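Each remark here refers to the structure printed beneath this line.
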Number of protein chains: 4
Amino acid sequence: MSQLAEQTTEKVKDDLWWMPKGRQLMKGNHAVCAGAIRAGCTAYFGYPITPQNEAIEYMSDALLDVPNGIFIQGESEVASVNMVMGAAAAGRRAMTSSSSPGISLKQEGISYIAGMEIPCLVMNVVRAGPGLGNIAPHQGDYFQATRGGGHGDYRMICLAPNSVQEMAYHAYLGFELAFKYRNPSMVLTDGVIGQMMEPVDLDQVPMVFPEKPEWAVGIKHSPRPNNLLNSINLDPEVMAEYHKKLIGKYNEIRRNEVRYDEYMCDDAEILAVAYGSVSRFVTGAVRELREKGVKIGIFRPITVWPFPYEALAKRAAQMKALTVFELSWGQLIEDVALALYGAPKPVHFFARHGGMVFTPAEIAEDLLKVVKDPQTGDSLWRPN
Amino acid sequence: MSQLAEQTTEKVKDDLWWMPKGRQLMKGNHAVCAGAIRAGCTAYFGYPITPQNEAIEYMSDALLDVPNGIFIQGESEVASVNMVMGAAAAGRRAMTSSSSPGISLKQEGISYIAGMEIPCLVMNVVRAGPGLGNIAPHQGDYFQATRGGGHGDYRMICLAPNSVQEMAYHAYLGFELAFKYRNPSMVLTDGVIGQMMEPVDLDQVPMVFPEKPEWAVGIKHSPRPNNLLNSINLDPEVMAEYHKKLIGKYNEIRRNEVRYDEYMCDDAEILAVAYGSVSRFVTGAVRELREKGVKIGIFRPITVWPFPYEALAKRAAQMKALTVFELSWGQLIEDVALALYGAPKPVHFFARHGGMVFTPAEIAEDLLKVVKDPQTGDSLWRPN
Amino acid sequence: MSQLAEQTTEKVKDDLWWMPKGRQLMKGNHAVCAGAIRAGCTAYFGYPITPQNEAIEYMSDALLDVPNGIFIQGESEVASVNMVMGAAAAGRRAMTSSSSPGISLKQEGISYIAGMEIPCLVMNVVRAGPGLGNIAPHQGDYFQATRGGGHGDYRMICLAPNSVQEMAYHAYLGFELAFKYRNPSMVLTDGVIGQMMEPVDLDQVPMVFPEKPEWAVGIKHSPRPNNLLNSINLDPEVMAEYHKKLIGKYNEIRRNEVRYDEYMCDDAEILAVAYGSVSRFVTGAVRELREKGVKIGIFRPITVWPFPYEALAKRAAQMKALTVFELSWGQLIEDVALALYGAPKPVHFFARHGGMVFTPAEIAEDLLKVVKDPQTGDSLWRPN
Amino acid sequence: MSQLAEQTTEKVKDDLWWMPKGRQLMKGNHAVCAGAIRAGCTAYFGYPITPQNEAIEYMSDALLDVPNGIFIQGESEVASVNMVMGAAAAGRRAMTSSSSPGISLKQEGISYIAGMEIPCLVMNVVRAGPGLGNIAPHQGDYFQATRGGGHGDYRMICLAPNSVQEMAYHAYLGFELAFKYRNPSMVLTDGVIGQMMEPVDLDQVPMVFPEKPEWAVGIKHSPRPNNLLNSINLDPEVMAEYHKKLIGKYNEIRRNEVRYDEYMCDDAEILAVAYGSVSRFVTGAVRELREKGVKIGIFRPITVWPFPYEALAKRAAQMKALTVFELSWGQLIEDVALALYGAPKPVHFFARHGGMVFTPAEIAEDLLKVVKDPQTGDSLWRPN
């Protein structure tokens, strides 16, 4: 099959009829797939679960057109993530997507992929948990995404888009960073972003025609020596060296790949921190309050790992207080608190539960309470 | 098995001949099982993985003797944790154990168990990861254990024994807390504690003969109304109420169940923080330094969730600096940093990798550097 | 379940309240289970498929009451038959049931059970195949049942009831023969018998309270030496001895356990051969024709393995021709032809397809054609 | 992928470097695969089991070179046969192979494939059963192969090669007949033929470059209407029509596709019947006896379904007795007896068990006994 691919690569490049392109009105779950294909994704493995089914459905169709495209609905989530491991080990740009319970089932596989330094893309369209929960938007998998729900000390590069355009772009960015650092990437989103429709300009997502990487496992007739990808190092001294190498890689990612957005922060006295879908609601509230003359800004982490600790700390220095808005019982808030380590500021925590979302009006009301009393109040957070 | 049960029913009531008892020289992995049986555990489901195989092996034998005992080696880790869910839903004191990769496979099931408010006991004998890694002692699953590697905002009560005696006792304590709060408990340990032999006095572990709980799912001919255990709440408003109830429960656990140990802290100026096996090595180093007149103490979290934030903050107030010793790339350190939120102190981080362990001499050396220069140095930690 | 067992142990011994008993109006699929429980069945493992779901449903309920009863709906047919293997190896009277596709999935397991000489009971409520087919009555699994659909030369004792009363009795008989010869037994039936209701006198089915057999695999604390049950004999000479032993056992079954029914055969000139549900329709036709003075009888194999070759040959000797009525493309007909080996008679073959059944009137019409012209005609069968 | 294939079909035909060709010394298990690839096989799905592992191993390598080749080692036998179903439904020439226990696991799938009228090739390298048995040559799966071990009345075209050259050719023939009649074909062999090496001239096996059949399930962008392949007909009248169609097809196969070999039969008085590996040993014995002037011949069924009943009956007419040599407890013997239905002759049965094979000298001895006393003796067979 790969020989065939080689023979026809030139021809394929001439005629990219199958490539997602142009301006379209798309759901976020479709856009992330369109972006992935533009970024060179030719392999998708997954298992259906709401609210991400638009992604698997899109791929089941689109990959029929992509040259050498492979789509398999695995017999389980566990199987699917291991198929990603295999295809990605062979050098494919491979992807899976799921929602919270399905991502939990993939934790062992993700840890193996990270341990083997195999790049791939995982999307989690988070729903409310724990357990079966419901299919409403939620941000309760932040810890799992940023601190490794699987075993061991690995981290995933974790992107948190807040628009359908960013869904498409983050698929590209996720693959690029994954291959740059040989590490799994995650697009962390929820049903608000995944299922809403917005105009997207796919042409803004770069097209990638990836070569088979040097490290990929070989195939028959390959002139290259056989590569071996694994995550086992029985000798602790050898493993320790390997750990140091990985720590070095992670530190390099922390230095190079932090991404965040600031809005109306220059003169702000109160800073709202939020990511993903929530940042949109908060932005609405911030605009509203600015119109009323309230000195307020918003800080949005785009990469939730690596987290923009330094940038947030720097910005926080000018503030009377910070506020965190989150669709969970309190996870992002810990990263905000860590960012403030050594130079503490009051942090107020506002949450919605069970798949309920914030309205801009509710956020504005919360923010005004903090504006009036930045130092104290029920919303003031303490470690617990 | 059942014939045995019949033959021995009378005998059992007389003398509990099958009950683990007395002073014994035991491996930690055996002691945790002996403690579990004393605590009323009658059901174990698991799948073999080193370095916890002594546990599954012990249970495969011991539960043949326990009246109504059930032991199943499931067809996979995923199956095993779901068997725990089922048996525990029926009111059994049910247990599983594994090591890191196996625990990752159980994340979905644990989230469901937490979401359904079903009590059970999970033991993780952590090995070095990520991926296959090796079987040497490690603490790289701390985030997974304390922040929920599964999806959603659940937490597990997480006990970190540092002796074989505590292994036995924490099995009991884990079950008691699990049933008190209807929540899964974890015993978080590693191969140092799991595989070493120490004298244990099993009689110090209370014996429990549990009644079937009121909430357990019913059986035929039961006079009780049918109970339903699930974690689905499709209506976000209903789910939000449920979330508030769970948050309330977790806050109650945080108030009531924090456990920690302090040693030589009263006049200390430098505080070493460590848990589990590492706390033993650190204790050795602290004793050594105390003999040299160094004012140094050790703070050992026994529950790593709920974490003793307040107690640690209180003790930290008197210190010139804190030091964290950890067999990972930095996980406990974040909880220490969070404890210091609002009242920062310099924290120094010392780690070993790949399954390498600390020697007391190495720790003493590290500590002396901090004693000399508490405010600065390479080991000083910053959020990253 | 176990609590129930404890509570009721005394009661059970007094009055066997849980034992199916008395005269009842029952479906065949229920009666076979009631008979099985009377025969000492305490373990059922299966997976749902129409038209045998009444059996699995009955057992899921009834075995809750049976002391030490075990019911598991396995994760698949393959799993279920292997659970039967395990429970039966431990000496339980264990049973599974399914319909055609499910029985196909069990073929490997049945071959293993036969090879290990483990007794058990399998019911096949045959539906029309091949493939998914439909759920109407059919007899297309006769070859599979009588010649071993699994690999190797094993045979199953195969009973073909033609009434609901016989369903109950054949469950008992199947278990008794299975344990007498340490071989799997099958009840081979279809939806006509399985789903129709008839009065049954369960008290006519003997009650059995089986002891654990000497050959069963041992358990801990057993005074007995460990037994080993397997079907592997790597050395062909050892295997050949084992084969000879099995052949001897099968020949013993052939000598001792042939069962059949003859009706109005004494002066008959034409013999109708049919088994199971079809024999009922044929009996109706035979009665009707006898009233018209036609000299006709019916021969019904009750055991289709061992097949009553000798008895049929003997009876055939007086006939002008034989007729075979079968809900398949021609399977029983081969055994009839084999019975006539050496002393051939004309045999006429009549079939219905696709789940269509015979009416007595149609059968009478077919028979009359043969009465008129016993030697020739379209229905005359030849090997093909 | 398929589009790509279309684009490159011409090119591929120019350069058949990957095609097995020429005279080689090969194992039978390799030859069958080489023949399959020459016959257009591009898809293999299987699971390892001795003594057929050379086949799966060959395919895992060879299909990497075949344009659009697919090789998957399924997660189980059940999965593998269903993968064959899927690939074959899409028009591929797809194949699986296994040995006895694995073939038993495939029975449900084969019944579905037959019911859906999907062509494919299955090889069974029979080992001694029942159960795990051993890996020595055996013929105990004859009933399963010729009478449908799966449910329902389907039949497989079943070829029994007796040389490595025939292994290669029967793979081709099996595929051709499978596609001609839209029915699964089987190559039924054992370890003698599968694992021995002989010279093969692969160029004698025709090369096939199959077009996608009209009935195959469509793919996206296909101009053809969607095809539906299934085996469900819930309405018995519709199913009955479908059954009649299948019966008609099977009768056509019986008329057209019977294959057999006769050797030294013209003046023979005693006929030896054997198939596959055994026919080679018998041929040796027949030659030896012919040299001594014994009037003896051999009849070898090449297709064991459809069985050459007529040809055998015709040839038997001149004989004093028939002899059957078989590596089983008696399966081929029933087809020989059926062939003689209506014109019986004495038939003597000789078997070897447990993986023991015949030597030509033993066979000669057995034959001589029959020559001396054709009418009676211990070896005389009766139905049982």
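Residues in the structure tokens are numbered from 1 in each chain, the chains being A, B, ... in the order shown, and ligands are numbered from 1 in the order shown.
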Q.
DSSP on the backbone: which residues in range 191-252 of chain B end up as strand (DSSP E or B)? Give the answer as a ChimeraX atom specification.
A. /B:197-201,232
Q.
At a cut-off of 6 Å, using only C-alpha atoms, what residues contact Asn233 in chain A? Leave out same-chain residues fewer than 6 positions from it and give the result as number ranges by chain.
A. A: 239; B: 133-134
Q.
For the full set of C-alpha atoms taken in order, report to one decimal the RMSD after fitting chain C onto chain A.
A.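 The C-alpha RMSD comes to 1.7 Å.
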Q: Give the answer as one residue: which of B:Arg287, B:Lys27, B:His353, B:Arg92 has the shortest atom-to-atom distance to Leu367 in chain B, using only C-alpha atoms?
A: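 Nearest candidate to Leu367 in chain B out of B:Arg287, B:Lys27, B:His353, B:Arg92: B:Arg287.
Minimum atom-to-atom distances from B:Arg280, B:Lys320, B:Lys212, B:Lys292 to chain C were compared using only C-alpha atoms, and the lowest value belongs to B:Lys212.
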**Q.** Leu173 in chain A surroundings by only C-alpha atoms, 10 Å radius, close-in-sequence under 5 positions cut, as a ChimeraX atom specification
**A.** /A:35-36,39,121,159,166-168,178-179,185,187,205-206
Q: Can you pull out every residue within 12 Å of Ala285 in chain D, counting only C-alpha atoms, but drop anything in the same chain fewer than 2 positions away, and send it as a list in words?
A: Ala272, Val278, Ser279, Arg280, Phe281, Val282, Thr283, Arg287, Glu288, Leu289, Arg290, Glu291, Lys292, Val294, Ile296, Gly297, Ile298, Phe325, Phe358, Thr359, Pro360, Ala361, Glu362, Ile363, Ala364, Glu365, Asp366, Leu367 and Leu368 of chain D
Save out the residues we just selected, N, CA and C atoms, as a compact mmCIF listing (two decimals), in the first residue's frame.
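The resulting file, out18.txt, is shown below:
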# COMPACT_ATOMS: atom_id res chain seq x y z
N ALA D 272 -10.01 -49.11 -2.77
CA ALA D 272 -9.65 -48.34 -1.57
C ALA D 272 -10.12 -46.90 -1.76
N VAL D 278 -4.03 -39.16 3.37
CA VAL D 278 -4.15 -40.62 3.46
C VAL D 278 -4.09 -41.25 2.08
N SER D 279 -4.65 -40.54 1.08
CA SER D 279 -4.65 -41.12 -0.27
C SER D 279 -3.23 -41.36 -0.79
N ARG D 280 -2.28 -40.59 -0.31
CA ARG D 280 -0.89 -40.81 -0.71
C ARG D 280 -0.35 -42.12 -0.15
N PHE D 281 -0.64 -42.35 1.13
CA PHE D 281 -0.17 -43.58 1.74
C PHE D 281 -0.84 -44.77 1.06
N VAL D 282 -2.14 -44.64 0.79
CA VAL D 282 -2.89 -45.74 0.18
C VAL D 282 -2.35 -46.00 -1.22
N THR D 283 -2.05 -44.95 -1.94
CA THR D 283 -1.51 -45.13 -3.29
C THR D 283 -0.22 -45.95 -3.25
N ARG D 287 0.13 -49.52 -5.17
CA ARG D 287 1.21 -49.82 -6.13
C ARG D 287 1.95 -51.09 -5.75
N GLU D 288 2.24 -51.17 -4.46
CA GLU D 288 2.98 -52.33 -3.95
C GLU D 288 2.20 -53.62 -4.21
N LEU D 289 0.89 -53.56 -3.93
CA LEU D 289 0.06 -54.74 -4.10
C LEU D 289 -0.13 -55.07 -5.58
N ARG D 290 -0.28 -54.06 -6.40
CA ARG D 290 -0.38 -54.28 -7.84
C ARG D 290 0.84 -55.03 -8.38
N GLU D 291 2.00 -54.63 -7.84
CA GLU D 291 3.22 -55.34 -8.27
C GLU D 291 3.15 -56.84 -7.93
N LYS D 292 2.42 -57.11 -6.88
CA LYS D 292 2.22 -58.52 -6.50
C LYS D 292 1.03 -59.14 -7.21
N VAL D 294 -2.17 -58.10 -7.15
CA VAL D 294 -3.48 -57.94 -6.50
C VAL D 294 -4.31 -56.92 -7.28
N ILE D 296 -6.45 -54.28 -7.43
CA ILE D 296 -6.86 -53.29 -6.45
C ILE D 296 -6.71 -51.90 -7.04
N GLY D 297 -7.64 -51.00 -6.71
CA GLY D 297 -7.56 -49.63 -7.22
C GLY D 297 -7.86 -48.64 -6.11
N ILE D 298 -7.70 -47.38 -6.43
CA ILE D 298 -7.97 -46.35 -5.42
C ILE D 298 -8.89 -45.27 -6.00
N PHE D 325 -9.99 -45.84 4.23
CA PHE D 325 -8.87 -45.51 5.13
C PHE D 325 -9.02 -44.07 5.58
N PHE D 358 -1.03 -43.82 8.92
CA PHE D 358 -0.85 -45.13 8.31
C PHE D 358 0.53 -45.20 7.67
N THR D 359 1.12 -46.39 7.68
CA THR D 359 2.24 -46.63 6.77
C THR D 359 1.70 -47.43 5.59
N PRO D 360 2.31 -47.27 4.41
CA PRO D 360 1.87 -48.09 3.27
C PRO D 360 1.88 -49.58 3.59
N ALA D 361 2.84 -50.02 4.38
CA ALA D 361 2.91 -51.45 4.71
C ALA D 361 1.68 -51.89 5.51
N GLU D 362 1.28 -51.04 6.48
CA GLU D 362 0.09 -51.37 7.27
C GLU D 362 -1.15 -51.42 6.38
N ILE D 363 -1.23 -50.45 5.48
CA ILE D 363 -2.39 -50.40 4.59
C ILE D 363 -2.40 -51.65 3.71
N ALA D 364 -1.24 -52.02 3.19
CA ALA D 364 -1.15 -53.20 2.33
C ALA D 364 -1.64 -54.44 3.08
N GLU D 365 -1.24 -54.52 4.33
CA GLU D 365 -1.65 -55.65 5.16
C GLU D 365 -3.18 -55.67 5.32
N ASP D 366 -3.74 -54.49 5.65
CA ASP D 366 -5.20 -54.39 5.79
C ASP D 366 -5.90 -54.79 4.49
N LEU D 367 -5.36 -54.30 3.39
CA LEU D 367 -6.00 -54.58 2.10
C LEU D 367 -5.96 -56.08 1.78
N LEU D 368 -4.84 -56.68 2.12
CA LEU D 368 -4.72 -58.11 1.82
C LEU D 368 -5.75 -58.95 2.56
I'd like the neighbourhood of Ala351 in chain C as a PDB file with N, CA and C atoms, in the first residue's frame, where a residue qualifies if any of its atoms comes within 9 Å (using only C-alpha atoms), though same-chain residues fewer than 5 positions away should be ignored.
ATOM      1  N   VAL C 324     -39.633 -39.590   4.898  1.00  0.00           N
ATOM      2  CA  VAL C 324     -38.982 -38.738   5.902  1.00  0.00           C
ATOM      3  C   VAL C 324     -39.560 -37.334   5.791  1.00  0.00           C
ATOM      4  N   PHE C 325     -40.012 -36.817   6.923  1.00  0.00           N
ATOM      5  CA  PHE C 325     -40.523 -35.439   6.968  1.00  0.00           C
ATOM      6  C   PHE C 325     -39.574 -34.608   7.821  1.00  0.00           C
ATOM      7  N   GLU C 326     -39.152 -33.494   7.285  1.00  0.00           N
ATOM      8  CA  GLU C 326     -38.048 -32.776   7.936  1.00  0.00           C
ATOM      9  C   GLU C 326     -38.135 -31.287   7.599  1.00  0.00           C
ATOM     10  N   LEU C 327     -37.878 -30.452   8.580  1.00  0.00           N
ATOM     11  CA  LEU C 327     -37.830 -29.004   8.349  1.00  0.00           C
ATOM     12  C   LEU C 327     -36.399 -28.592   8.002  1.00  0.00           C
ATOM     13  N   SER C 328     -35.881 -29.176   6.944  1.00  0.00           N
ATOM     14  CA  SER C 328     -34.538 -28.792   6.519  1.00  0.00           C
ATOM     15  C   SER C 328     -34.341 -29.268   5.095  1.00  0.00           C
ATOM     16  N   TRP C 329     -33.167 -29.030   4.563  1.00  0.00           N
ATOM     17  CA  TRP C 329     -32.913 -29.407   3.173  1.00  0.00           C
ATOM     18  C   TRP C 329     -32.532 -30.875   3.035  1.00  0.00           C
ATOM     19  N   GLY C 330     -32.511 -31.606   4.175  1.00  0.00           N
ATOM     20  CA  GLY C 330     -32.208 -33.021   4.087  1.00  0.00           C
ATOM     21  C   GLY C 330     -31.056 -33.428   4.962  1.00  0.00           C
ATOM     22  N   VAL C 357     -43.962 -24.564   8.353  1.00  0.00           N
ATOM     23  CA  VAL C 357     -44.146 -25.890   8.951  1.00  0.00           C
ATOM     24  C   VAL C 357     -45.148 -26.710   8.129  1.00  0.00           C
ATOM     25  N   PHE C 358     -45.149 -28.005   8.359  1.00  0.00           N
ATOM     26  CA  PHE C 358     -46.119 -28.895   7.726  1.00  0.00           C
ATOM     27  C   PHE C 358     -47.477 -28.741   8.398  1.00  0.00           C
TER      28      PHE C 358
END
(Q) Please determine, counting only C-alpha atoms, which residue among B:Val258, B:Met186, B:Val371, B:Ala311 has the shortest atom-to-atom distance to Lys295 in chain B. (A) B:Val371
Q. Quick one: DSSP alpha helix (DSSP H) residues in range 232-340 of chain A, as number ranges by chain?
A. A: 236-256, 277-291, 309-316, 332-339
